[in-house]
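So this block is protein_39.txt, compact mmCIF, C-alpha atoms:
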# COMPACT_ATOMS: atom_id res chain seq x y z
CA MET A 1 0.00 0.00 0.00
CA ALA A 2 1.33 3.45 -0.89
CA ALA A 3 2.33 5.66 2.00
CA SER A 4 -0.19 8.27 0.86
CA ARG A 5 -2.97 5.85 1.81
CA THR A 6 -1.81 5.35 5.40
CA PRO A 7 -4.88 4.95 7.68
CA ALA A 8 -5.89 8.04 9.65
CA THR A 9 -5.23 6.25 12.94
CA ALA A 10 -1.54 5.86 12.14
CA ASP A 11 1.08 8.54 12.59
CA PRO A 12 1.21 10.73 9.47
CA PRO A 13 4.06 9.71 7.15
CA ARG A 14 7.14 11.83 6.88
CA ARG A 15 7.23 13.68 3.58
CA ILE A 16 10.05 14.71 1.27
CA ALA A 17 9.47 16.59 -1.97
CA VAL A 18 11.19 16.45 -5.34
CA ALA A 19 10.94 19.22 -7.91
CA TYR A 20 9.63 17.22 -10.89
CA SER A 21 9.50 18.82 -14.34
CA ALA A 22 9.13 15.37 -15.98
CA GLY A 23 12.45 15.91 -17.76
CA ARG A 24 15.30 13.41 -17.67
CA ASP A 25 17.15 14.65 -14.58
CA SER A 26 14.14 15.22 -12.32
CA THR A 27 12.58 11.94 -13.44
CA ALA A 28 15.74 10.09 -12.39
CA LEU A 29 15.89 11.88 -9.03
CA LEU A 30 12.21 11.26 -8.30
CA HIS A 31 12.50 7.57 -9.14
CA ALA A 32 15.68 7.15 -7.08
CA THR A 33 14.14 8.96 -4.10
CA ALA A 34 10.89 7.01 -4.23
CA THR A 35 12.80 3.73 -4.55
CA ALA A 36 14.91 4.56 -1.50
CA ALA A 37 11.77 5.52 0.45
CA VAL A 38 10.09 2.11 0.07
CA GLY A 39 9.49 0.62 3.49
CA GLN A 40 10.84 3.70 5.30
CA GLY A 41 7.50 5.31 6.13
CA VAL A 42 8.35 8.26 3.89
CA GLU A 43 5.98 9.70 1.30
CA VAL A 44 7.65 11.31 -1.72
CA LEU A 45 5.87 14.30 -3.25
CA ALA A 46 6.45 15.02 -6.93
CA LEU A 47 6.05 18.81 -7.26
CA HIS A 48 5.22 19.76 -10.85
CA VAL A 49 4.89 23.38 -12.00
CA HIS A 50 2.84 24.08 -15.12
CA HIS A 51 4.38 27.32 -16.44
CA GLY A 52 1.96 27.74 -19.32
CA LEU A 53 4.77 28.96 -21.59
CA SER A 54 4.95 25.96 -23.93
CA PRO A 55 2.12 24.56 -26.06
CA HIS A 56 3.24 21.15 -24.76
CA ALA A 57 2.80 22.03 -21.07
CA ASP A 58 -0.52 20.16 -20.79
CA ASP A 59 1.07 17.07 -22.32
CA TRP A 60 3.95 17.25 -19.83
CA LEU A 61 1.50 17.39 -16.94
CA LEU A 62 -0.41 14.41 -18.35
CA HIS A 63 2.85 12.49 -18.71
CA ALA A 64 3.73 13.30 -15.07
CA GLN A 65 0.32 12.09 -13.88
CA ARG A 66 0.59 8.80 -15.78
CA GLN A 67 4.19 8.25 -14.73
CA CYS A 68 3.41 8.68 -11.03
CA ALA A 69 0.30 6.48 -11.35
CA ARG A 70 2.43 3.68 -12.83
CA TRP A 71 4.95 3.97 -10.04
CA VAL A 72 2.24 3.86 -7.38
CA LYS A 73 1.02 0.57 -8.90
CA GLN A 74 4.59 -0.71 -8.65
CA GLY A 75 4.58 0.09 -4.92
CA LEU A 76 6.57 3.32 -4.90
CA PRO A 77 5.37 5.81 -2.25
CA VAL A 78 5.02 8.77 -4.61
CA ARG A 79 2.25 11.34 -5.02
CA LEU A 80 2.00 14.07 -7.65
CA CYS A 81 1.22 17.67 -6.70
CA ALA A 82 0.79 20.11 -9.58
CA HIS A 83 0.42 23.88 -9.74
CA ARG A 84 -0.55 26.03 -12.75
CA LEU A 85 0.97 29.50 -12.87
CA ALA A 86 -1.72 32.13 -13.40
CA ARG A 87 0.63 35.08 -13.99
CA ARG A 88 2.64 35.84 -17.09
CA PRO A 89 5.95 37.67 -17.54
CA ALA A 90 5.65 41.45 -17.69
CA VAL A 91 6.47 43.22 -20.94
CA GLY A 92 10.24 43.40 -21.30
CA GLU A 93 10.87 41.01 -18.39
CA SER A 94 13.32 38.15 -18.84
CA VAL A 95 11.31 34.98 -19.41
CA GLU A 96 14.13 32.93 -17.86
CA ALA A 97 14.21 35.04 -14.71
CA TRP A 98 10.42 35.14 -14.43
CA ALA A 99 10.05 31.37 -14.88
CA ARG A 100 12.73 30.64 -12.29
CA ARG A 101 11.26 33.03 -9.72
CA GLU A 102 7.68 31.80 -10.15
CA ARG A 103 8.75 28.15 -10.23
CA TYR A 104 10.52 28.38 -6.88
CA ARG A 105 7.60 30.30 -5.40
CA ALA A 106 5.17 27.59 -6.51
CA LEU A 107 7.45 24.78 -5.31
CA ARG A 108 7.70 26.41 -1.89
CA GLU A 109 3.94 26.91 -1.60
CA MET A 110 3.18 23.31 -2.56
CA ALA A 111 5.83 21.89 -0.21
CA LEU A 112 4.59 23.86 2.78
CA GLN A 113 0.94 23.10 2.03
CA GLU A 114 1.75 19.39 1.99
CA GLY A 115 3.89 19.50 5.13
CA ALA A 116 7.24 18.86 3.41
CA SER A 117 10.11 20.96 4.70
CA VAL A 118 12.72 19.51 2.30
CA VAL A 119 12.68 19.87 -1.49
CA LEU A 120 15.21 17.99 -3.61
CA LEU A 121 16.48 19.55 -6.85
CA ALA A 122 18.04 17.52 -9.66
CA HIS A 123 20.89 19.86 -10.59
CA HIS A 124 24.09 17.97 -11.40
CA GLN A 125 27.75 18.64 -12.09
CA ARG A 126 27.21 19.98 -15.63
CA ASP A 127 24.56 22.39 -14.36
CA GLN A 128 26.99 23.72 -11.77
CA ALA A 129 29.76 24.06 -14.36
CA GLU A 130 27.40 25.97 -16.69
CA THR A 131 26.35 28.28 -13.86
CA PHE A 132 29.99 29.03 -13.07
CA MET A 133 30.68 29.87 -16.72
CA LEU A 134 27.60 32.08 -17.09
CA GLN A 135 28.41 33.98 -13.91
CA ALA A 136 32.01 34.48 -15.01
CA LEU A 137 30.86 35.81 -18.39
CA ARG A 138 28.57 38.26 -16.58
CA GLY A 139 31.51 39.55 -14.54
CA ALA A 140 30.27 38.13 -11.24
CA GLY A 141 32.37 38.28 -8.09
CA VAL A 142 33.35 35.41 -5.84
CA ALA A 143 29.82 35.02 -4.46
CA GLY A 144 28.38 34.68 -7.98
CA LEU A 145 31.06 32.23 -9.05
CA ALA A 146 30.11 30.01 -6.11
CA GLY A 147 27.15 28.89 -8.21
CA MET A 148 24.42 26.79 -6.65
CA PRO A 149 24.79 25.69 -3.03
CA PRO A 150 24.27 22.00 -2.24
CA VAL A 151 21.98 23.00 0.64
CA ALA A 152 20.10 26.24 1.27
CA GLU A 153 17.51 27.25 3.87
CA ARG A 154 15.01 29.81 2.55
CA ASP A 155 11.54 30.84 3.67
CA GLY A 156 10.87 27.77 5.78
CA VAL A 157 12.08 25.25 3.19
CA ARG A 158 15.37 23.35 2.99
CA TRP A 159 16.48 23.07 -0.65
CA GLU A 160 18.92 20.24 -1.32
CA ARG A 161 20.83 19.27 -4.47
CA PRO A 162 22.06 15.74 -3.72
CA TRP A 163 23.46 15.19 -7.23
CA LEU A 164 25.43 18.41 -7.58
CA GLN A 165 28.71 16.47 -7.76
CA ARG A 166 27.34 13.70 -9.97
CA PRO A 167 28.31 13.75 -13.66
CA ARG A 168 25.57 13.95 -16.25
CA SER A 169 26.68 10.61 -17.69
CA ALA A 170 25.81 8.85 -14.41
CA ILE A 171 22.25 10.19 -14.56
CA GLU A 172 21.89 9.17 -18.18
CA ALA A 173 23.07 5.67 -17.27
CA TYR A 174 20.51 5.48 -14.44
CA VAL A 175 17.71 6.46 -16.81
CA ARG A 176 18.76 3.77 -19.32
CA GLN A 177 19.14 1.11 -16.61
CA HIS A 178 15.61 1.66 -15.27
CA ARG A 179 14.07 2.44 -18.66
CA LEU A 180 12.57 5.63 -17.39
CA ARG A 181 10.31 7.69 -19.61
CA PHE A 182 10.77 11.45 -19.65
CA VAL A 183 9.82 14.50 -21.73
CA ASP A 184 12.08 16.81 -23.71
CA ASP A 185 11.51 20.54 -23.28
CA ASP A 186 11.60 22.05 -26.76
CA SER A 187 12.65 25.42 -25.31
CA ASN A 188 16.06 23.87 -24.61
CA ASP A 189 16.78 24.22 -28.32
CA GLN A 190 16.09 27.96 -28.38
CA ALA A 191 19.42 29.78 -28.60
CA ARG A 192 17.87 33.08 -27.48
CA PHE A 193 18.33 31.91 -23.88
CA ALA A 194 21.85 32.41 -22.53
CA ARG A 195 22.19 28.97 -20.92
CA ASN A 196 20.97 27.28 -24.10
CA ARG A 197 23.53 29.16 -26.21
CA LEU A 198 26.23 27.96 -23.87
CA ARG A 199 25.01 24.35 -24.06
CA LEU A 200 24.40 24.25 -27.81
CA GLU A 201 27.20 26.38 -29.23
CA VAL A 202 30.02 26.48 -26.69
CA TRP A 203 29.96 23.36 -24.55
CA PRO A 204 30.55 20.75 -27.30
CA SER A 205 33.80 22.47 -28.32
CA LEU A 206 34.81 23.06 -24.71
CA ALA A 207 34.25 19.42 -23.74
CA ALA A 208 36.13 18.24 -26.81
CA ALA A 209 39.15 20.40 -25.96
CA PHE A 210 38.95 19.86 -22.20
CA PRO A 211 37.25 16.53 -21.31
CA GLN A 212 37.38 17.32 -17.59
CA ALA A 213 35.65 20.70 -18.00
CA ASP A 214 32.52 19.69 -16.07
CA ALA A 215 34.40 18.48 -13.01
CA SER A 216 37.02 21.23 -13.08
CA LEU A 217 34.53 24.09 -13.34
CA ALA A 218 32.27 22.55 -10.70
CA ASP A 219 35.31 22.27 -8.41
CA ALA A 220 36.08 25.94 -9.08
CA ALA A 221 32.56 26.80 -7.95
CA THR A 222 33.19 24.86 -4.73
CA TRP A 223 36.40 26.82 -4.08
CA ALA A 224 34.52 30.07 -4.76
CA ALA A 225 31.84 29.05 -2.26
CA GLN A 226 34.46 28.38 0.41
CA ALA A 227 36.16 31.70 -0.34
CA THR A 228 32.79 33.47 -0.04
CA GLU A 229 32.24 32.00 3.42
CA ALA A 230 35.74 33.01 4.51
CA LEU A 231 35.22 36.57 3.23
CA ALA A 232 31.90 36.79 5.09
CA GLU A 233 33.64 35.76 8.33
CA LEU A 234 36.37 38.34 7.74
CA ALA A 235 33.77 41.04 7.03
CA ALA A 236 31.98 40.23 10.30
CA ILE A 237 35.25 40.66 12.21
CA ASP A 238 36.01 43.98 10.49
CA LEU A 239 32.48 45.38 10.81
CA ALA A 240 32.54 44.75 14.54
CA GLU A 241 35.35 47.35 14.66
CA VAL A 242 34.38 49.83 11.94
CA ALA A 243 30.56 49.96 12.09
CA ASP A 244 27.89 50.54 14.71
CA ALA A 245 24.21 51.48 14.86
CA GLU A 246 25.02 54.99 13.61
CA GLY A 247 26.83 53.91 10.45
CA LEU A 248 30.27 53.08 9.07
CA LYS A 249 33.09 54.85 10.93
CA LEU A 250 35.23 56.10 8.07
CA SER A 251 38.46 56.69 9.98
CA ALA A 252 38.46 53.07 11.21
CA TRP A 253 37.38 51.80 7.79
CA ARG A 254 40.26 53.64 6.06
CA ALA A 255 42.73 51.87 8.37
CA LEU A 256 41.89 48.56 6.68
CA SER A 257 43.81 47.35 3.65
CA PRO A 258 42.10 48.19 0.31
CA PRO A 259 40.82 44.61 -0.27
CA ARG A 260 39.39 44.48 3.25
CA GLN A 261 37.84 47.92 2.75
CA VAL A 262 35.92 46.65 -0.27
CA ASN A 263 34.96 43.42 1.48
CA ALA A 264 33.69 45.22 4.60
CA LEU A 265 31.90 47.87 2.57
CA ARG A 266 30.16 45.25 0.46
CA ALA A 267 29.01 43.38 3.57
CA TRP A 268 27.81 46.61 5.24
CA LEU A 269 25.81 47.64 2.18
CA LEU A 270 24.28 44.16 1.97
CA ARG A 271 23.28 44.36 5.63
CA GLU A 272 21.85 47.85 5.24
CA GLY A 273 20.08 47.50 1.91
CA GLY A 274 19.35 43.79 1.70
CA ALA A 275 21.00 43.52 -1.73
CA LEU A 276 24.53 43.24 -3.08
CA PRO A 277 25.80 46.56 -4.49
CA GLY A 278 27.01 46.80 -8.07
CA SER A 279 30.70 46.97 -8.87
CA THR A 280 30.36 50.54 -10.17
CA LEU A 281 29.02 51.80 -6.84
CA LEU A 282 31.72 49.95 -4.90
CA GLN A 283 34.45 51.43 -7.06
CA ARG A 284 33.05 54.95 -6.65
CA LEU A 285 32.75 54.62 -2.90
CA GLN A 286 36.25 53.26 -2.46
CA ALA A 287 37.63 56.17 -4.49
CA GLU A 288 35.45 58.95 -3.05
CA LEU A 289 34.81 58.01 0.60
CA PRO A 290 38.30 59.10 1.77
CA GLY A 291 37.33 62.69 0.85
CA THR A 292 36.13 65.32 3.31
CA GLY A 293 32.87 67.19 3.73
CA ASP A 294 29.34 66.04 3.15
CA ALA A 295 28.56 63.85 0.13
CA ARG A 296 25.83 61.57 -1.10
CA TRP A 297 25.54 58.57 -3.41
CA GLU A 298 22.27 57.10 -4.69
CA TRP A 299 21.56 53.43 -5.23
CA PRO A 300 18.34 51.41 -5.66
CA GLN A 301 18.09 50.71 -1.92
CA GLY A 302 18.18 54.40 -0.96
CA VAL A 303 20.78 57.12 -0.45
CA LEU A 304 24.21 56.93 1.18
CA HIS A 305 25.51 59.98 3.04
CA ARG A 306 28.96 60.95 4.25
CA HIS A 307 28.54 63.25 7.24
CA ARG A 308 30.52 63.86 10.40
CA GLY A 309 33.02 61.10 9.58
CA ARG A 310 30.41 58.40 9.01
CA LEU A 311 28.73 56.72 6.09
CA THR A 312 25.01 56.34 6.75
CA HIS A 313 22.18 54.78 4.78
CA GLN A 314 18.82 56.42 4.23
CA ARG A 315 16.46 53.79 2.91
CA ALA A 316 14.39 54.42 -0.19
CA ALA A 317 11.27 56.36 0.67
CA HIS A 318 8.18 54.22 1.17
CA THR A 319 5.45 55.19 -1.23
CA ALA A 320 1.87 54.49 -0.42
CA ASP A 321 -1.49 55.68 -1.67
CA ALA A 322 -2.84 56.09 1.87
CA GLU A 323 -2.08 59.10 4.04
CA PRO A 324 0.49 58.66 6.84
CA GLU A 325 -0.74 57.58 10.25
CA THR A 326 -2.15 60.51 12.27
CA SER A 327 -2.53 59.04 15.77
CA LEU A 328 -0.78 56.62 18.12
CA ARG A 329 -1.12 55.28 21.68
CA ILE A 330 2.01 54.38 23.63
CA LEU A 331 1.19 52.62 26.89
CA LYS A 332 4.50 50.85 27.48
CA ALA A 333 8.03 50.47 26.17
CA GLY A 334 8.26 48.84 22.75
CA ARG A 335 8.49 49.36 19.01
CA TYR A 336 5.61 51.10 17.25
CA PRO A 337 5.83 50.68 13.45
CA LEU A 338 4.56 53.54 11.32
CA PRO A 339 4.99 52.07 7.82
CA ARG A 340 3.43 54.98 5.97
CA TRP A 341 5.90 57.33 7.63
CA GLY A 342 8.69 54.90 6.65
CA GLY A 343 9.96 53.95 10.08
CA VAL A 344 9.42 52.91 13.68
CA LEU A 345 8.89 54.98 16.82
CA VAL A 346 10.76 53.28 19.67
CA ALA A 347 9.84 53.83 23.32
CA VAL A 348 12.38 52.80 25.99
CA ARG A 349 12.37 53.12 29.77
CA VAL A 350 14.78 55.80 31.01
CA ARG A 351 15.56 57.39 34.39
CA GLU A 352 15.89 60.97 33.16
CA GLY A 353 15.27 63.08 30.10
CA GLY A 354 12.14 61.15 29.16
CA VAL A 355 8.46 62.00 29.05
CA HIS A 356 5.83 60.97 31.60
CA SER A 357 3.61 58.19 30.30
CA ALA A 358 0.50 60.38 30.74
CA TRP A 359 1.61 62.45 27.76
CA LEU A 360 1.78 59.36 25.54
CA ALA A 361 -1.69 57.87 25.95
CA GLN A 362 -3.09 59.81 22.98
CA LEU A 363 -0.62 61.17 20.45
CA GLU A 364 -1.03 63.10 17.22
CA LEU A 365 1.41 62.60 14.35
CA ARG A 366 1.98 65.56 12.04
CA PRO A 367 4.40 66.53 9.26
CA ARG A 368 6.50 69.70 9.45
CA THR A 369 4.61 72.70 8.14
CA GLY A 370 6.87 75.53 9.34
CA GLY A 371 6.76 77.69 12.43
CA GLU A 372 7.07 74.85 14.98
CA GLN A 373 8.97 75.75 18.16
CA PHE A 374 11.19 73.28 20.06
CA MET A 375 12.79 73.70 23.50
CA ALA A 376 16.11 71.86 23.58
CA GLY A 377 16.66 72.14 27.34
CA ILE A 378 14.97 73.30 30.54
CA GLY A 379 15.42 77.05 30.95
CA ARG A 380 16.47 77.53 27.34
CA PRO A 381 14.29 79.49 24.91
CA ALA A 382 12.09 77.69 22.41
CA ARG A 383 13.38 78.19 18.89
CA SER A 384 12.28 77.18 15.40
CA LEU A 385 13.01 73.65 14.28
CA LYS A 386 15.23 74.95 11.50
CA LYS A 387 17.48 76.78 13.97
CA GLN A 388 17.49 73.86 16.40
CA TYR A 389 18.48 71.45 13.62
CA GLN A 390 21.28 73.78 12.54
CA ALA A 391 22.54 74.19 16.12
CA ALA A 392 22.55 70.41 16.64
CA ASP A 393 24.18 69.81 13.22
CA VAL A 394 21.40 67.41 12.21
CA PRO A 395 21.64 66.73 8.45
CA ALA A 396 18.53 67.06 6.30
CA TRP A 397 18.17 63.31 5.78
CA GLU A 398 17.87 62.72 9.53
CA ARG A 399 14.96 65.14 9.88
CA ASP A 400 12.27 62.92 8.40
CA GLY A 401 9.52 61.21 10.38
CA PRO A 402 6.50 62.57 12.22
CA LEU A 403 6.36 65.37 14.74
CA VAL A 404 4.70 63.91 17.85
CA TYR A 405 2.13 66.02 19.71
CA SER A 406 -0.03 65.45 22.77
CA GLY A 407 -2.91 67.79 23.55
CA GLY A 408 -1.51 70.31 21.10
CA GLN A 409 1.92 70.34 22.79
CA LEU A 410 4.98 69.25 20.80
CA VAL A 411 6.44 66.18 22.55
CA PHE A 412 9.07 64.67 20.26
CA VAL A 413 10.98 65.66 17.11
CA PRO A 414 13.03 63.11 15.10
CA GLY A 415 16.69 64.08 15.25
CA LEU A 416 16.22 66.37 18.26
CA GLY A 417 14.41 64.29 20.87
CA ILE A 418 12.01 65.13 23.70
CA ASP A 419 10.84 68.73 24.07
CA ALA A 420 12.05 70.02 27.45
CA ARG A 421 8.57 71.35 28.27
CA VAL A 422 7.21 67.80 28.66
CA GLN A 423 10.21 66.15 30.33
CA ALA A 424 9.28 64.12 33.40
CA LEU A 425 10.43 65.10 36.89
CA PRO A 426 13.14 63.07 38.62
CA GLY A 427 11.73 59.87 40.10
CA GLN A 428 8.68 59.78 37.83
CA PRO A 429 8.16 56.77 35.51
CA GLN A 430 9.18 57.93 32.07
CA LEU A 431 9.90 56.79 28.55
CA GLY A 432 12.46 58.00 26.05
CA LEU A 433 11.56 58.14 22.37
CA ARG A 434 13.65 57.71 19.23
CA TRP A 435 12.84 57.47 15.54
CA GLU A 436 14.31 54.71 13.36
CA ARG A 437 14.01 55.06 9.60
CA GLY A 438 13.06 52.07 7.48
Take the structure in this file and express it as structure tokens.
Amino acid sequence: MAASRTPATADPPRRIAVAYSAGRDSTALLHATATAAVGQGVEVLALHVHHGLSPHADDWLLHAQRQCARWVKQGLPVRLCAHRLARRPAVGESVEAWARRERYRALREMALQEGASVVLLAHHQRDQAETFMLQALRGAGVAGLAGMPPVAERDGVRWERPWLQRPRSAIEAYVRQHRLRFVDDDSNDQARFARNRLRLEVWPSLAAAFPQADASLADAATWAAQATEALAELAAIDLAEVADAEGLKLSAWRALSPPRQVNALRAWLLREGGALPGSTLLQRLQAELPGTGDARWEWPQGVLHRHRGRLTHQRAAHTADAEPETSLRILKAGRYPLPRWGGVLVAVRVREGGVHSAWLAQLELRPRTGGEQFMAGIGRPARSLKKQYQAADVPAWERDGPLVYSGGQLVFVPGLGIDARVQALPGQPQLGLRWERG
């Protein structure tokens, strides 16, 4: 009896998923996995994504259904799960990139819906070698040359490539030995796709001249992966010394050797913006950061500023159709997200310089309109925000966020802090406020 038909009274079977396109490689991996799972109490899910890009897609799905049905009759614990993509690539969007992104999204959704936390992928040594070559031709750095990892944890799913070191010939031999039926994707013959051009026009000559090309290039990807991990560890060590919550300390950063400067800067930008910076931006920063005075550099993740000996990151402004939040209640210490203002208001317990909690029970959030007066200290005159910002040397990009009022009284200003007129008395319970962008 197939594991998928286990009685309800028994413990549910463990599940492992295989990304199954019905092509040669995924057919071999699915068959090998299902064969190994016999008698182990493991159900194997065949995850098939119907992209809708080929006129043969319906036939491929039918083939997958019939193949899995035959294997179930033979006693293999396999079950097909299929998903049809409803979206289509946008005009001008790379079909390759779109198909890959949507395929992984669908695979993840199916795996999690079925309770499988592991998805096996049938990439092999030739695939890794091709990835290395394509990345090198695109001018990728060490991280790009590392190619596909054998194991990756993303979004609640563990992606594994058990055959990444296996030669293509071994998979072909397995298919012949077990007389496995599979489909051929006609798009593999279309030279307009970069990987196909490499396979059809370059690889035959490369393999003829260098028979060990597959293994050698796949090994190079492994070395690049190890180098990437070592560089990440080095960057973590350096950033502990040259960066803090306020930004990158440029004097400490300049004390590093030029290669370590680039490595630390790349890691800091990745941490700040969530994306690897382009080589052009890195080259500009390395050349221009040692300068003096204020400066700014734009990139897709926001704006970088050099100010007061630090490099800081102002995230890209959040755009939204709705108006920013206009009210807020703060009853205790914590983080209070204000997404339409593009940041978070943070309340922390303090012993002095804070505001009594009574002021925070009903707050109004307003933008700057001009004419607002702020008192920077007890006994000091209230002055315009513009003058207070200038006196405190607060740059323009640190002046965003809402002005916080209570009962018509200004309570808090991003970049300046608590207005002295509402500061709590010594011994009173009080909260400090700060504004965090992004």
Between CA of Pro402 in chain A and CA of Lys249 in chain A - distance in Å to one decimal: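 These atoms are spaced 27.7 Å apart.
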Of the listed residues A:Gln423, A:Gln135, A:Gln226, A:Gln314, that which approaches Met375 in chain A most closely, counting only C-alpha atoms: A:Gln423
A:Arg434, A:Ala64, A:Asp419, A:Arg306 ranked by distance to Val350 in chain A, top pick (using only C-alpha atoms): A:Arg434
Who sits within 12 Å of range 338-348 of chain A, only C-alpha atoms, same chain under 2 positions skipped, as a PyMOL selection string: chain A and resi 314-336+350-357+360+363+365-367+398+400-404+412-414+417-418+429-438
Give me, as a Markdown table, each residue of range 35-132 of chain A that comes within 9 Å of range 138-162 of chain A, together with its shortest interatomic pair and the distance in Å at one decimal, counting only C-alpha atoms, with rows ordered by chain and rising residue number.
| residue | atom | partner | partner_atom | distance |
| --- | --- | --- | --- | --- |
| A:Arg108 | CA | A:Val157 | CA | 6.8 |
| A:Ala111 | CA | A:Val157 | CA | 7.9 |
| A:Leu112 | CA | A:Val157 | CA | 7.6 |
| A:Ala116 | CA | A:Val157 | CA | 8.0 |
| A:Ser117 | CA | A:Val157 | CA | 5.0 |
| A:Val118 | CA | A:Arg158 | CA | 4.7 |
| A:Val119 | CA | A:Trp159 | CA | 5.0 |
| A:Leu120 | CA | A:Glu160 | CA | 4.9 |
| A:Leu121 | CA | A:Arg161 | CA | 5.0 |
| A:Ala122 | CA | A:Arg161 | CA | 6.1 |
| A:His123 | CA | A:Arg161 | CA | 6.1 |
| A:His124 | CA | A:Arg161 | CA | 7.8 |
| A:Asp127 | CA | A:Met148 | CA | 8.9 |
| A:Gln128 | CA | A:Gly147 | CA | 6.3 |
| A:Ala129 | CA | A:Gly147 | CA | 8.2 |
| A:Glu130 | CA | A:Gly147 | CA | 9.0 |
| A:Thr131 | CA | A:Gly147 | CA | 5.7 |
| A:Phe132 | CA | A:Leu145 | CA | 5.2 |
Which residue of A:Leu45, A:Leu85, A:Val91, A:Met133 approaches Ala213 in chain A most closely, using only C-alpha atoms: A:Met133
Spatial neighbours of Leu29 in chain A, 12 Å, only C-alpha atoms, chain gap at least 4 places, as an mmCIF file with C-alpha atoms, keeping the file's coordinate frame:
data_model
loop_
_atom_site.group_PDB
_atom_site.id
_atom_site.type_symbol
_atom_site.label_atom_id
_atom_site.label_comp_id
_atom_site.auth_asym_id
_atom_site.auth_seq_id
_atom_site.Cartn_x
_atom_site.Cartn_y
_atom_site.Cartn_z
ATOM 1 C CA ALA A 17 9.470 16.590 -1.970
ATOM 2 C CA VAL A 18 11.190 16.450 -5.340
ATOM 3 C CA ALA A 19 10.940 19.220 -7.910
ATOM 4 C CA TYR A 20 9.630 17.220 -10.890
ATOM 5 C CA SER A 21 9.500 18.820 -14.340
ATOM 6 C CA ALA A 22 9.130 15.370 -15.980
ATOM 7 C CA GLY A 23 12.450 15.910 -17.760
ATOM 8 C CA ARG A 24 15.300 13.410 -17.670
ATOM 9 C CA ASP A 25 17.150 14.650 -14.580
ATOM 10 C CA THR A 33 14.140 8.960 -4.100
ATOM 11 C CA ALA A 34 10.890 7.010 -4.230
ATOM 12 C CA THR A 35 12.800 3.730 -4.550
ATOM 13 C CA ALA A 36 14.910 4.560 -1.500
ATOM 14 C CA VAL A 44 7.650 11.310 -1.720
ATOM 15 C CA LEU A 45 5.870 14.300 -3.250
ATOM 16 C CA ALA A 46 6.450 15.020 -6.930
ATOM 17 C CA VAL A 119 12.680 19.870 -1.490
ATOM 18 C CA LEU A 120 15.210 17.990 -3.610
ATOM 19 C CA LEU A 121 16.480 19.550 -6.850
ATOM 20 C CA ALA A 122 18.040 17.520 -9.660
ATOM 21 C CA HIS A 123 20.890 19.860 -10.590
ATOM 22 C CA HIS A 124 24.090 17.970 -11.400
ATOM 23 C CA GLU A 160 18.920 20.240 -1.320
ATOM 24 C CA ARG A 161 20.830 19.270 -4.470
ATOM 25 C CA PRO A 162 22.060 15.740 -3.720
ATOM 26 C CA TRP A 163 23.460 15.190 -7.230
ATOM 27 C CA LEU A 164 25.430 18.410 -7.580
ATOM 28 C CA ARG A 166 27.340 13.700 -9.970
ATOM 29 C CA ALA A 170 25.810 8.850 -14.410
ATOM 30 C CA ILE A 171 22.250 10.190 -14.560
ATOM 31 C CA GLU A 172 21.890 9.170 -18.180
ATOM 32 C CA TYR A 174 20.510 5.480 -14.440
ATOM 33 C CA VAL A 175 17.710 6.460 -16.810
ATOM 34 C CA HIS A 178 15.610 1.660 -15.270
ATOM 35 C CA LEU A 180 12.570 5.630 -17.390
ATOM 36 C CA PHE A 182 10.770 11.450 -19.650
#
Spatial neighbours of range 390-394 of chain A, max dist 10 Å, all atoms listed in the file, sep filter under 6 positions, as an MDAnalysis selection string: chainID A and resid 307:308 376 414:416
Spatial sel., origin (27.5, 20.6, -25.8), limit 12 Å, all atoms listed in the file, listed as an NGL selection string: :A and (126-127 or 130 or 168 or 188-189 or 195-209 or 211 or 213-214)
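Across the structure, CA of Ala57 in chain A and CA of His83 in chain A are spaced 11.7 Å apart.
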